[in-house]
Every structure is written in structure tokens, then in C-alpha cells.
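File shown: query.cif. Contents: mmCIF, C-alpha atoms.
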```cif
data_coords
loop_
_atom_site.label_atom_id
_atom_site.label_comp_id
_atom_site.auth_asym_id
_atom_site.auth_seq_id
_atom_site.Cartn_x
_atom_site.Cartn_y
_atom_site.Cartn_z
CA MET A 1 -78.32 172.69 -110.42
CA VAL A 2 -74.90 173.74 -111.57
CA ASN A 3 -73.42 177.12 -110.75
CA PHE A 4 -71.76 179.26 -113.43
CA TYR A 5 -70.51 182.50 -111.90
CA GLY A 6 -73.50 182.70 -109.58
CA THR A 7 -76.08 181.68 -112.18
CA GLU A 8 -77.81 178.42 -111.36
CA VAL A 9 -78.55 176.30 -114.44
CA ALA A 10 -80.68 173.15 -114.28
CA SER A 11 -79.16 171.17 -117.15
CA ARG A 12 -75.59 169.90 -116.97
CA LEU A 13 -75.40 169.64 -120.74
CA LEU A 14 -74.14 172.60 -122.77
CA LEU A 15 -74.73 172.34 -126.50
CA GLY A 16 -73.07 173.93 -129.51
CA THR A 17 -75.15 175.37 -132.35
CA ALA A 18 -72.82 174.63 -135.29
CA LEU A 19 -72.69 171.94 -138.00
CA TYR A 20 -76.38 170.94 -138.01
CA PRO A 21 -78.01 170.00 -141.33
CA SER A 22 -80.42 172.94 -140.95
CA PRO A 23 -81.43 175.61 -138.43
CA ALA A 24 -84.67 173.73 -137.79
CA VAL A 25 -82.79 170.54 -136.88
CA MET A 26 -80.53 172.57 -134.60
CA ALA A 27 -83.55 174.02 -132.79
CA GLU A 28 -85.06 170.53 -132.38
CA ALA A 29 -81.77 169.20 -130.99
CA VAL A 30 -81.42 172.05 -128.49
CA SER A 31 -84.97 171.44 -127.34
CA ALA A 32 -84.46 167.65 -127.04
CA SER A 33 -81.19 168.13 -125.14
CA GLY A 34 -82.79 170.27 -122.46
CA ALA A 35 -79.62 172.40 -122.53
CA GLY A 36 -79.91 175.69 -120.68
CA ILE A 37 -76.77 177.09 -122.27
CA VAL A 38 -75.86 177.10 -125.97
CA THR A 39 -72.59 178.22 -127.51
CA VAL A 40 -72.48 180.72 -130.36
CA SER A 41 -69.84 182.69 -132.22
CA LEU A 42 -69.23 185.83 -134.25
CA ARG A 43 -68.35 185.95 -137.93
CA ARG A 44 -68.11 188.53 -140.69
CA GLU A 45 -71.50 189.85 -141.75
CA SER A 46 -72.20 190.97 -145.30
CA ALA A 47 -74.46 193.99 -145.69
CA GLU A 48 -76.45 192.20 -148.39
CA GLY A 49 -76.92 188.79 -146.75
CA ARG A 50 -77.41 189.71 -143.10
CA SER A 51 -77.50 186.00 -142.22
CA GLY A 52 -76.36 186.79 -138.69
CA GLN A 53 -79.51 188.76 -137.97
CA ALA A 54 -81.75 185.79 -138.80
CA PHE A 55 -79.60 183.42 -136.73
CA TRP A 56 -79.71 185.77 -133.74
CA GLU A 57 -83.52 185.98 -133.87
CA MET A 58 -83.66 182.18 -133.91
CA ILE A 59 -81.28 181.74 -130.99
CA ARG A 60 -83.25 184.20 -128.89
CA GLY A 61 -86.34 182.14 -129.60
CA LEU A 62 -84.73 179.05 -128.02
CA GLY A 63 -84.86 180.59 -124.56
CA ALA A 64 -81.39 179.28 -123.65
CA GLN A 65 -78.59 181.38 -122.20
CA VAL A 66 -75.88 182.04 -124.79
CA LEU A 67 -72.18 181.44 -124.25
CA PRO A 68 -70.26 183.18 -127.05
CA ASN A 69 -66.89 181.73 -128.01
CA THR A 70 -63.65 183.08 -129.45
CA ALA A 71 -63.24 180.07 -131.74
CA GLY A 72 -60.53 180.37 -134.36
CA CYS A 73 -58.53 182.99 -132.48
CA HIS A 74 -54.81 182.27 -132.44
CA THR A 75 -53.54 185.32 -130.57
CA VAL A 76 -54.35 187.05 -127.30
CA ARG A 77 -55.24 190.25 -129.14
CA GLU A 78 -57.67 188.50 -131.50
CA ALA A 79 -59.33 186.68 -128.63
CA VAL A 80 -59.67 189.79 -126.47
CA THR A 81 -61.11 191.89 -129.32
CA THR A 82 -63.51 189.08 -130.27
CA ALA A 83 -64.67 188.79 -126.64
CA GLN A 84 -65.28 192.53 -126.48
CA MET A 85 -67.31 192.41 -129.70
CA ALA A 86 -69.26 189.36 -128.49
CA ARG A 87 -70.17 191.10 -125.23
CA GLU A 88 -71.80 193.93 -127.15
CA VAL A 89 -73.59 191.79 -129.73
CA PHE A 90 -74.85 189.08 -127.37
CA GLY A 91 -75.39 191.26 -124.33
CA THR A 92 -73.55 188.92 -121.97
CA ASP A 93 -70.23 189.09 -120.13
CA TRP A 94 -69.86 185.30 -120.39
CA ILE A 95 -67.14 184.22 -122.82
CA LYS A 96 -65.88 180.78 -123.80
CA LEU A 97 -62.25 181.72 -124.24
CA GLU A 98 -60.37 179.80 -126.92
CA VAL A 99 -56.84 180.67 -127.93
CA ILE A 100 -55.77 178.00 -130.38
CA GLY A 101 -52.10 177.05 -130.39
CA GLU A 102 -51.89 174.14 -132.78
CA ASP A 103 -53.99 173.55 -135.89
CA ASP A 104 -53.89 169.75 -136.18
CA THR A 105 -55.21 169.17 -132.67
CA LEU A 106 -56.79 172.59 -132.02
CA GLN A 107 -54.93 172.37 -128.72
CA PRO A 108 -55.24 175.53 -126.65
CA ASP A 109 -52.23 177.84 -126.39
CA LEU A 110 -52.14 177.75 -122.60
CA PHE A 111 -49.73 180.68 -122.32
CA GLY A 112 -51.93 182.91 -124.47
CA LEU A 113 -55.04 181.58 -122.76
CA ILE A 114 -53.83 182.62 -119.31
CA GLU A 115 -52.77 186.06 -120.55
CA ALA A 116 -56.11 186.65 -122.32
CA ALA A 117 -58.03 185.41 -119.25
CA ARG A 118 -56.24 187.95 -117.03
CA ILE A 119 -57.10 190.79 -119.40
CA LEU A 120 -60.73 189.77 -119.79
CA VAL A 121 -61.34 189.17 -116.07
CA ALA A 122 -59.96 192.67 -115.41
CA GLU A 123 -62.49 193.99 -117.93
CA GLY A 124 -65.34 192.33 -116.05
CA PHE A 125 -65.78 189.23 -118.20
CA LYS A 126 -66.84 185.89 -116.74
CA VAL A 127 -64.35 183.65 -118.49
CA PHE A 128 -64.99 179.99 -119.41
CA PRO A 129 -61.51 178.95 -120.61
CA TYR A 130 -61.18 176.06 -123.04
CA THR A 131 -58.06 174.43 -121.62
CA THR A 132 -56.32 171.09 -121.24
CA GLU A 133 -56.06 168.90 -118.13
CA ASP A 134 -52.73 170.59 -117.26
CA LEU A 135 -52.91 171.32 -113.53
CA VAL A 136 -50.36 174.13 -113.56
CA ALA A 137 -52.24 176.01 -116.27
CA ALA A 138 -55.49 175.35 -114.44
CA GLY A 139 -54.06 176.88 -111.26
CA ARG A 140 -52.93 179.96 -113.18
CA LEU A 141 -56.40 180.34 -114.71
CA VAL A 142 -58.00 180.13 -111.27
CA ASP A 143 -55.48 182.69 -109.99
CA ALA A 144 -56.47 184.91 -112.93
CA GLY A 145 -60.05 184.86 -111.67
CA CYS A 146 -61.65 182.02 -113.62
CA GLU A 147 -64.41 180.31 -111.63
CA VAL A 148 -65.08 177.80 -114.40
CA LEU A 149 -62.52 175.59 -116.20
CA MET A 150 -63.28 173.63 -119.35
CA PRO A 151 -60.65 170.95 -120.05
CA TRP A 152 -60.83 169.01 -123.29
CA GLY A 153 -61.75 165.34 -123.33
CA ALA A 154 -60.04 164.95 -126.71
CA PRO A 155 -59.36 167.26 -129.68
CA ILE A 156 -62.38 169.25 -130.88
CA GLY A 157 -64.57 167.28 -133.26
CA SER A 158 -62.58 164.05 -132.86
CA GLY A 159 -65.20 162.10 -130.91
CA GLN A 160 -62.44 160.20 -129.11
CA GLY A 161 -63.96 160.59 -125.65
CA LEU A 162 -61.86 161.05 -122.51
CA VAL A 163 -58.37 160.21 -123.69
CA ASN A 164 -56.70 161.08 -120.39
CA PRO A 165 -59.06 159.97 -117.63
CA TYR A 166 -56.22 160.06 -115.09
CA GLY A 167 -55.56 163.73 -115.85
CA LEU A 168 -59.25 164.62 -115.68
CA ARG A 169 -59.66 162.82 -112.35
CA ALA A 170 -56.61 164.61 -110.98
CA MET A 171 -58.07 167.93 -112.08
CA ARG A 172 -61.35 167.19 -110.33
CA SER A 173 -59.47 166.31 -107.13
CA HIS A 174 -57.26 169.40 -107.27
CA PHE A 175 -60.08 171.86 -107.85
CA PRO A 176 -63.03 170.58 -105.82
CA ASP A 177 -64.71 174.00 -105.65
CA VAL A 178 -64.25 175.11 -109.26
CA THR A 179 -67.03 174.44 -111.77
CA LEU A 180 -65.46 171.96 -114.19
CA VAL A 181 -66.84 171.20 -117.64
CA VAL A 182 -65.45 168.62 -120.05
CA ASP A 183 -65.48 170.48 -123.35
CA ALA A 184 -64.59 168.91 -126.70
CA GLY A 185 -63.85 165.42 -127.94
CA ILE A 186 -66.98 163.70 -126.68
CA GLY A 187 -68.36 161.30 -129.29
CA VAL A 188 -71.07 159.19 -127.71
CA PRO A 189 -73.27 159.45 -124.61
CA SER A 190 -71.17 156.96 -122.61
CA HIS A 191 -68.25 159.42 -122.82
CA ALA A 192 -70.44 162.11 -121.28
CA ALA A 193 -71.69 159.73 -118.59
CA ARG A 194 -68.10 158.85 -117.71
CA ALA A 195 -67.17 162.52 -117.26
CA MET A 196 -70.18 163.02 -115.02
CA GLU A 197 -69.40 159.88 -112.97
CA MET A 198 -65.95 161.40 -112.30
CA GLY A 199 -67.67 164.36 -110.70
CA TYR A 200 -67.45 166.86 -113.53
CA ASP A 201 -70.14 169.49 -113.17
CA ALA A 202 -71.19 169.50 -116.82
CA VAL A 203 -70.19 168.59 -120.36
CA LEU A 204 -70.13 170.75 -123.48
CA LEU A 205 -70.45 169.15 -126.89
CA ASN A 206 -71.50 169.97 -130.41
CA THR A 207 -70.28 167.66 -133.19
CA ALA A 208 -71.49 164.45 -131.52
CA VAL A 209 -75.07 165.69 -131.73
CA ALA A 210 -74.90 167.80 -134.90
CA LYS A 211 -73.26 165.05 -136.97
CA ALA A 212 -75.43 162.20 -135.70
CA GLY A 213 -77.88 160.70 -138.19
CA ASP A 214 -80.72 161.92 -135.98
CA PRO A 215 -79.45 164.93 -134.02
CA ALA A 216 -82.58 165.39 -131.91
CA ALA A 217 -82.55 161.72 -130.81
CA MET A 218 -78.83 161.93 -130.02
CA ALA A 219 -79.40 165.11 -128.04
CA ARG A 220 -81.97 163.24 -125.94
CA ALA A 221 -79.52 160.35 -125.48
CA PHE A 222 -76.88 162.76 -124.21
CA ALA A 223 -79.35 164.38 -121.82
CA LEU A 224 -80.12 160.95 -120.33
CA ALA A 225 -76.42 160.01 -120.11
CA VAL A 226 -75.49 163.26 -118.39
CA GLU A 227 -78.28 162.84 -115.88
CA ALA A 228 -77.40 159.17 -115.27
CA GLY A 229 -73.74 160.02 -114.78
CA ARG A 230 -74.53 162.80 -112.33
CA VAL A 231 -76.92 160.67 -110.27
CA ALA A 232 -74.28 157.92 -110.22
CA PHE A 233 -71.64 160.34 -108.96
CA GLU A 234 -73.94 161.56 -106.21
CA ALA A 235 -74.69 157.93 -105.29
CA ASP A 236 -70.95 157.41 -104.54
CA PRO A 237 -69.81 154.60 -106.88
CA MET A 238 -68.06 151.51 -105.47
CA GLU A 239 -64.28 151.24 -105.67
CA PRO A 240 -63.02 148.88 -108.38
CA ARG A 241 -60.92 145.93 -107.17
CA ASP A 242 -58.59 143.47 -108.83
CA MET A 243 -60.05 140.18 -107.55
CA ALA A 244 -63.53 138.74 -107.74
CA ALA A 245 -65.80 139.07 -104.73
CA PRO A 246 -69.00 137.00 -104.70
CA SER A 247 -72.16 139.05 -104.64
CA THR A 248 -74.40 136.13 -103.71
CA PRO A 249 -73.99 135.18 -100.02
CA VAL A 250 -71.81 132.10 -99.47
CA MET A 251 -73.24 131.43 -96.01
CA GLY A 252 -76.06 128.91 -96.09
CA LYS A 253 -75.19 127.49 -99.47
CA ALA A 254 -76.29 123.86 -99.81
CA PHE A 255 -73.62 121.15 -100.03
CA LEU A 256 -74.53 119.31 -103.22
CA GLY A 257 -71.17 117.79 -104.12
CA MET B 258 -61.02 206.68 -149.83
CA THR B 259 -60.49 202.94 -149.77
CA ILE B 260 -60.98 200.86 -146.65
CA ILE B 261 -60.74 197.10 -146.18
CA LEU B 262 -64.20 195.84 -145.15
CA ASN B 263 -64.10 192.28 -143.86
CA GLY B 264 -61.02 191.61 -145.96
CA GLU B 265 -62.28 193.24 -149.19
CA PRO B 266 -61.38 196.73 -150.47
CA ARG B 267 -64.32 199.15 -150.60
CA GLU B 268 -64.60 202.79 -151.70
CA ILE B 269 -66.49 204.99 -149.29
CA ALA B 270 -67.18 208.72 -148.96
CA ALA B 271 -68.09 208.83 -145.27
CA ARG B 272 -65.39 209.48 -142.67
CA ALA B 273 -67.15 208.73 -139.40
CA LEU B 274 -67.60 205.02 -138.62
CA ASP B 275 -71.35 205.27 -137.99
CA ALA B 276 -71.87 207.06 -141.32
CA ALA B 277 -69.61 204.58 -143.10
CA LEU B 278 -71.69 201.66 -141.78
CA ALA B 279 -74.86 203.28 -143.09
CA GLU B 280 -73.21 203.94 -146.46
CA LEU B 281 -72.05 200.31 -146.64
CA GLY B 282 -75.60 199.06 -146.06
CA TYR B 283 -75.44 198.08 -142.38
CA GLY B 284 -78.06 200.59 -141.21
CA GLY B 285 -79.93 199.12 -138.23
CA ALA B 286 -77.96 195.85 -138.31
CA HIS B 287 -77.12 194.05 -135.05
CA VAL B 288 -73.34 193.98 -135.52
CA ALA B 289 -70.12 194.66 -133.64
CA THR B 290 -67.25 196.62 -135.14
CA ALA B 291 -63.47 196.71 -134.92
CA VAL B 292 -61.08 199.10 -136.68
CA ASN B 293 -57.51 197.91 -137.24
CA GLY B 294 -58.02 195.16 -134.69
CA ASP B 295 -59.44 197.34 -131.93
CA PHE B 296 -63.05 196.99 -130.79
CA VAL B 297 -65.16 200.10 -131.34
CA PRO B 298 -68.28 200.07 -129.12
CA ARG B 299 -71.57 201.07 -130.72
CA GLY B 300 -71.72 204.29 -128.72
CA ALA B 301 -68.24 205.37 -129.87
CA ARG B 302 -68.77 204.87 -133.62
CA ALA B 303 -69.77 208.49 -134.32
CA GLY B 304 -66.51 209.71 -132.83
CA VAL B 305 -64.20 207.37 -134.78
CA GLU B 306 -62.83 208.70 -138.09
CA LEU B 307 -61.77 206.21 -140.73
CA ASN B 308 -58.62 206.74 -142.76
CA ASP B 309 -57.51 205.41 -146.11
CA GLY B 310 -56.42 201.78 -145.80
CA ASP B 311 -58.12 201.16 -142.43
CA ARG B 312 -59.28 197.61 -141.77
CA LEU B 313 -62.92 197.51 -140.70
CA GLU B 314 -64.38 194.28 -139.35
CA VAL B 315 -68.16 194.00 -139.06
CA LEU B 316 -69.25 190.87 -137.18
CA ALA B 317 -72.62 189.32 -136.37
CA PRO B 318 -73.91 186.27 -134.47
CA LEU B 319 -73.27 182.89 -136.02
CA GLN B 320 -73.40 179.22 -135.08
CA GLY B 321 -70.59 178.13 -132.76
CA GLY B 322 -69.36 175.16 -130.76
#
```
Go ahead and render the structure in this file as C-alpha cells.
Amino acid sequence: MVNFYGTEVASRLLLGTALYPSPAVMAEAVSASGAGIVTVSLRRESAEGRSGQAFWEMIRGLGAQVLPNTAGCHTVREAVTTAQMAREVFGTDWIKLEVIGEDDTLQPDLFGLIEAARILVAEGFKVFPYTTEDLVAAGRLVDAGCEVLMPWGAPIGSGQGLVNPYGLRAMRSHFPDVTLVVDAGIGVPSHAARAMEMGYDAVLLNTAVAKAGDPAAMARAFALAVEAGRVAFEADPMEPRDMAAPSTPVMGKAFLG
Amino acid sequence: MTIILNGEPREIAARALDAALAELGYGGAHVATAVNGDFVPRGARAGVELNDGDRLEVLAPLQGG
């Protein structure tokens, strides 16, 4: 079980709901992933189309807890207002806080992120900040009241995996009691397994499943990888070494030369 | 008067936000609202008066990552 602000969730895989070929495929993928938390967002609703209403009914039918995001927000004000609107629409004080600072990499604006986190925590939100592996920023977010941190593995949608494993390991070591989630950049299940082997509490991904040829099968593959990585972490992996060390006993070997 | 609804100009007669939403066709919709960048909770809509040129955002759930 992994703890998010006092809520125990069985699955360590959080799944996004965007970019699937169809709503039905999305629902199949969520089911196959076993995810207990799915991310959602808010967008403009037309009075005629009311597409948001149909989507909301479908999400509620999945039985997963929703984590609304502030995707696309570039300023503190936009992100705070979006979070306030999301709280009312989704009926949750959980918010995946994104304040984007750079459009090519979708890198978080850490300064704006910290400021928005302070405001939202003061308003009673439970903030899940999408951040980088920067330890100073992470410390400020924890000081602001964040009990969960979500560093990127690589830029959103890039599928590059964990491009700075040193930084992610350092973050895990520095914040042993904070719930840490690798969010963004994961491309294949081995990336997710690696994050879990490092001791990350969970991973959040979307594109890697949604853009797979068979999203439901890939969702299942990620579920297995996340579980394998977690069990491996709990089993205390061996330390790597530079030189070979025979695994078969040398004692008692026959002399056949 | 003219307001900007989700980025598009619209003519409306209603002044109060809740009445404006009904006039615009959002009656009963599960949406959140903001006027000029400030969140307006559902329970406060009746007490918010719109003015000419106000920017009204009406948002609903959508897929997200």
C-alpha cells in the first residue's frame, strides 16, 4: 500500500486518461493497469456539445480515485484558479500541480510551482507537485506543506525513461519519508521497474500506455513491472561491483588440467 | 451586453452569473466557472453580476495526464 495524504492506495501505478484511441480503449487500459488513481483535467465546455459531462460519467464508472491536474498552466494565478475550479467539479482537494516554465521541454517553473503550492496548501489542498529532481526546490515544496513530490523522469511524452538516475536516487535518499512518484517521461515498463527498484513509491504515466499499439496489454505490462520493481526494492538488491565474483563455489572443484 | 465566453464574444441579457449560464445553455451542467480569471464557486454565482466585456470561463472534466 502506498500512502497519499493519509489515503492508502493498493496500486503503485497512476495512469493518465488522455491520448487513447477511444474512451472504450481508455477504460480497458485503466482496468488492465489496476491503477487506483487516474489523472484528469479541466477544459472549456461548450453548451451545445457537453462532452465533459459524458467523460465525467465514464470516469466515475471506473471506480478509481481522480487526481485533477493543472496541465497547461504557465502562471501561478492560472494554476491556482484551475485548482480551485477542479476542486469543485471533481469533488476532491487533491491536485496535481503543474506550472509549466518552458514549452519545448514542458519543464516545471519551480519558482512558480513553489509559490502556487504555498497558496494551495493554505487553502486546504493536498498538492501533488510535478517537479524536477532539484533537491532545493523539493525542500521548499516540503516546507510549503507538500507530502508528495512528483519529479519527472524525462520531459512529458518523450518516453526517454529516467534520464538522471543519480538525481532521482539522491532525491529518494534526501526525502525518505516523503511519498515520491516518478511522473512523466516513462516509455517502457523497464523504466517504471527501475524507478521502483530505486525505492520510488509509485510511477505516473500516460503516453506510454495510450500510444502503445495495444494500450490494455501495455497497461498490464506496466502493472507487472511496477510490482516487480517494488518487490525487488523490498528484497534489498545486491550492490553492483566492478570486478567479477564467481557465483559457483570454487572449493571442491575437480583438478582436470 | 457582450461578454467573452470561453474566448468567444456572446450577447446576453442576463446580469447575474447563474442566470447568464442558464441563458447560454448550461442549465444543469456539471461545470466550474471563473470570471476575469477569478474562480466563482457554484454557490456564489447568483450574487455575481456580469459587466460588459467580462471574460467568463466555463470548464468541465476532460481527459488529462
Tell me which residues come within 12 Å of (-72.8, 199.7, -143.1), as an mmCIF file with C-alpha atoms, in the frame of the given file, counting only C-alpha atoms in the file's coordinates.
```cif
data_model
loop_
_atom_site.group_PDB
_atom_site.id
_atom_site.type_symbol
_atom_site.label_atom_id
_atom_site.label_comp_id
_atom_site.auth_asym_id
_atom_site.auth_seq_id
_atom_site.Cartn_x
_atom_site.Cartn_y
_atom_site.Cartn_z
ATOM 1 C CA GLU A 45 -71.500 189.850 -141.750
ATOM 2 C CA SER A 46 -72.200 190.970 -145.300
ATOM 3 C CA ALA A 47 -74.460 193.990 -145.690
ATOM 4 C CA GLU A 48 -76.450 192.200 -148.390
ATOM 5 C CA ARG A 50 -77.410 189.710 -143.100
ATOM 6 C CA LEU B 262 -64.200 195.840 -145.150
ATOM 7 C CA ASN B 263 -64.100 192.280 -143.860
ATOM 8 C CA ARG B 267 -64.320 199.150 -150.600
ATOM 9 C CA ILE B 269 -66.490 204.990 -149.290
ATOM 10 C CA ALA B 271 -68.090 208.830 -145.270
ATOM 11 C CA ALA B 273 -67.150 208.730 -139.400
ATOM 12 C CA LEU B 274 -67.600 205.020 -138.620
ATOM 13 C CA ASP B 275 -71.350 205.270 -137.990
ATOM 14 C CA ALA B 276 -71.870 207.060 -141.320
ATOM 15 C CA ALA B 277 -69.610 204.580 -143.100
ATOM 16 C CA LEU B 278 -71.690 201.660 -141.780
ATOM 17 C CA ALA B 279 -74.860 203.280 -143.090
ATOM 18 C CA GLU B 280 -73.210 203.940 -146.460
ATOM 19 C CA LEU B 281 -72.050 200.310 -146.640
ATOM 20 C CA GLY B 282 -75.600 199.060 -146.060
ATOM 21 C CA TYR B 283 -75.440 198.080 -142.380
ATOM 22 C CA GLY B 284 -78.060 200.590 -141.210
ATOM 23 C CA GLY B 285 -79.930 199.120 -138.230
ATOM 24 C CA ALA B 286 -77.960 195.850 -138.310
ATOM 25 C CA HIS B 287 -77.120 194.050 -135.050
ATOM 26 C CA VAL B 288 -73.340 193.980 -135.520
ATOM 27 C CA ALA B 289 -70.120 194.660 -133.640
ATOM 28 C CA THR B 290 -67.250 196.620 -135.140
ATOM 29 C CA ARG B 302 -68.770 204.870 -133.620
ATOM 30 C CA LEU B 313 -62.920 197.510 -140.700
ATOM 31 C CA GLU B 314 -64.380 194.280 -139.350
ATOM 32 C CA VAL B 315 -68.160 194.000 -139.060
ATOM 33 C CA LEU B 316 -69.250 190.870 -137.180
#
```
Subject >> Close residues, Leu15 of chain A itself excluded, 6 Å, all atoms listed in the file, min 6 positions apart in chain, as a PyMOL selection string >> reply: chain A and resi 38+204-206
Please produce a file of the residues just selected, as a JSON list (two decimals), keeping the file's coordinate frame, where the atoms kept are C-alpha atoms.
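Written out: result-v1.json:
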```
[["chain", "number", "residue", "atom", "x", "y", "z"],
["A", 38, "VAL", "CA", -75.86, 177.10, -125.97],
["A", 204, "LEU", "CA", -70.13, 170.75, -123.48],
["A", 205, "LEU", "CA", -70.45, 169.15, -126.89],
["A", 206, "ASN", "CA", -71.50, 169.97, -130.41]]
```
Carefully work through the PyMOL selection byres ((chain A) within 9 of (chain B)) for this structure and note down the residues it includes, as a compact mmCIF listing (two decimals) with C-alpha atoms, in the coordinates of the input.
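Produced file expr27.txt, reproduced below:
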```txt
# COMPACT_ATOMS: atom_id res chain seq x y z
CA LEU A 15 -74.73 172.34 -126.50
CA GLY A 16 -73.07 173.93 -129.51
CA THR A 17 -75.15 175.37 -132.35
CA ALA A 18 -72.82 174.63 -135.29
CA LEU A 19 -72.69 171.94 -138.00
CA VAL A 38 -75.86 177.10 -125.97
CA THR A 39 -72.59 178.22 -127.51
CA VAL A 40 -72.48 180.72 -130.36
CA SER A 41 -69.84 182.69 -132.22
CA LEU A 42 -69.23 185.83 -134.25
CA ARG A 43 -68.35 185.95 -137.93
CA ARG A 44 -68.11 188.53 -140.69
CA GLU A 45 -71.50 189.85 -141.75
CA SER A 46 -72.20 190.97 -145.30
CA ALA A 47 -74.46 193.99 -145.69
CA GLU A 48 -76.45 192.20 -148.39
CA ARG A 50 -77.41 189.71 -143.10
CA SER A 51 -77.50 186.00 -142.22
CA GLY A 52 -76.36 186.79 -138.69
CA GLN A 53 -79.51 188.76 -137.97
CA ALA A 54 -81.75 185.79 -138.80
CA PHE A 55 -79.60 183.42 -136.73
CA TRP A 56 -79.71 185.77 -133.74
CA PRO A 68 -70.26 183.18 -127.05
CA ASN A 69 -66.89 181.73 -128.01
CA ALA A 71 -63.24 180.07 -131.74
CA ARG A 77 -55.24 190.25 -129.14
CA GLU A 78 -57.67 188.50 -131.50
CA THR A 81 -61.11 191.89 -129.32
CA THR A 82 -63.51 189.08 -130.27
CA GLN A 84 -65.28 192.53 -126.48
CA MET A 85 -67.31 192.41 -129.70
CA ALA A 86 -69.26 189.36 -128.49
CA GLU A 88 -71.80 193.93 -127.15
CA VAL A 89 -73.59 191.79 -129.73
CA PHE A 90 -74.85 189.08 -127.37
CA ALA A 184 -64.59 168.91 -126.70
CA LEU A 204 -70.13 170.75 -123.48
CA LEU A 205 -70.45 169.15 -126.89
CA ASN A 206 -71.50 169.97 -130.41
CA THR A 207 -70.28 167.66 -133.19
```
Original post:
Selected by the PyMOL selection byres ((chain A and resi 212) around 12) in the shown coordinates: which residues, as a PyMOL selection string?
Top reply: chain A and resi 19-21+25-26+29+159+187-189+206-211+213-222
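For the pair atom CA of Asp109 of chain A and atom CA of Ile186 of chain A, the separation is 20.4 Å.
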Original post:
Applied to the shown file, which residues does the PyMOL selection byres ((chain A and resi 4) around 9) return, written as a PyMOL selection string?
Top reply: chain A and resi 2-3+5-9+126+147-148+179
Store the residues picked out above in a file with C-alpha atoms, as an mmCIF file, keeping the file's coordinate frame.
```
data_model
loop_
_atom_site.group_PDB
_atom_site.id
_atom_site.type_symbol
_atom_site.label_atom_id
_atom_site.label_comp_id
_atom_site.auth_asym_id
_atom_site.auth_seq_id
_atom_site.Cartn_x
_atom_site.Cartn_y
_atom_site.Cartn_z
ATOM 1 C CA VAL A 2 -74.900 173.740 -111.570
ATOM 2 C CA ASN A 3 -73.420 177.120 -110.750
ATOM 3 C CA TYR A 5 -70.510 182.500 -111.900
ATOM 4 C CA GLY A 6 -73.500 182.700 -109.580
ATOM 5 C CA THR A 7 -76.080 181.680 -112.180
ATOM 6 C CA GLU A 8 -77.810 178.420 -111.360
ATOM 7 C CA VAL A 9 -78.550 176.300 -114.440
ATOM 8 C CA LYS A 126 -66.840 185.890 -116.740
ATOM 9 C CA GLU A 147 -64.410 180.310 -111.630
ATOM 10 C CA VAL A 148 -65.080 177.800 -114.400
ATOM 11 C CA THR A 179 -67.030 174.440 -111.770
#
```
Original post:
Between atom CA of Ile100 of chain A and atom CA of Thr75 of chain A, what is the distance, to one decimal in Å?
Top reply: 7.7 Å
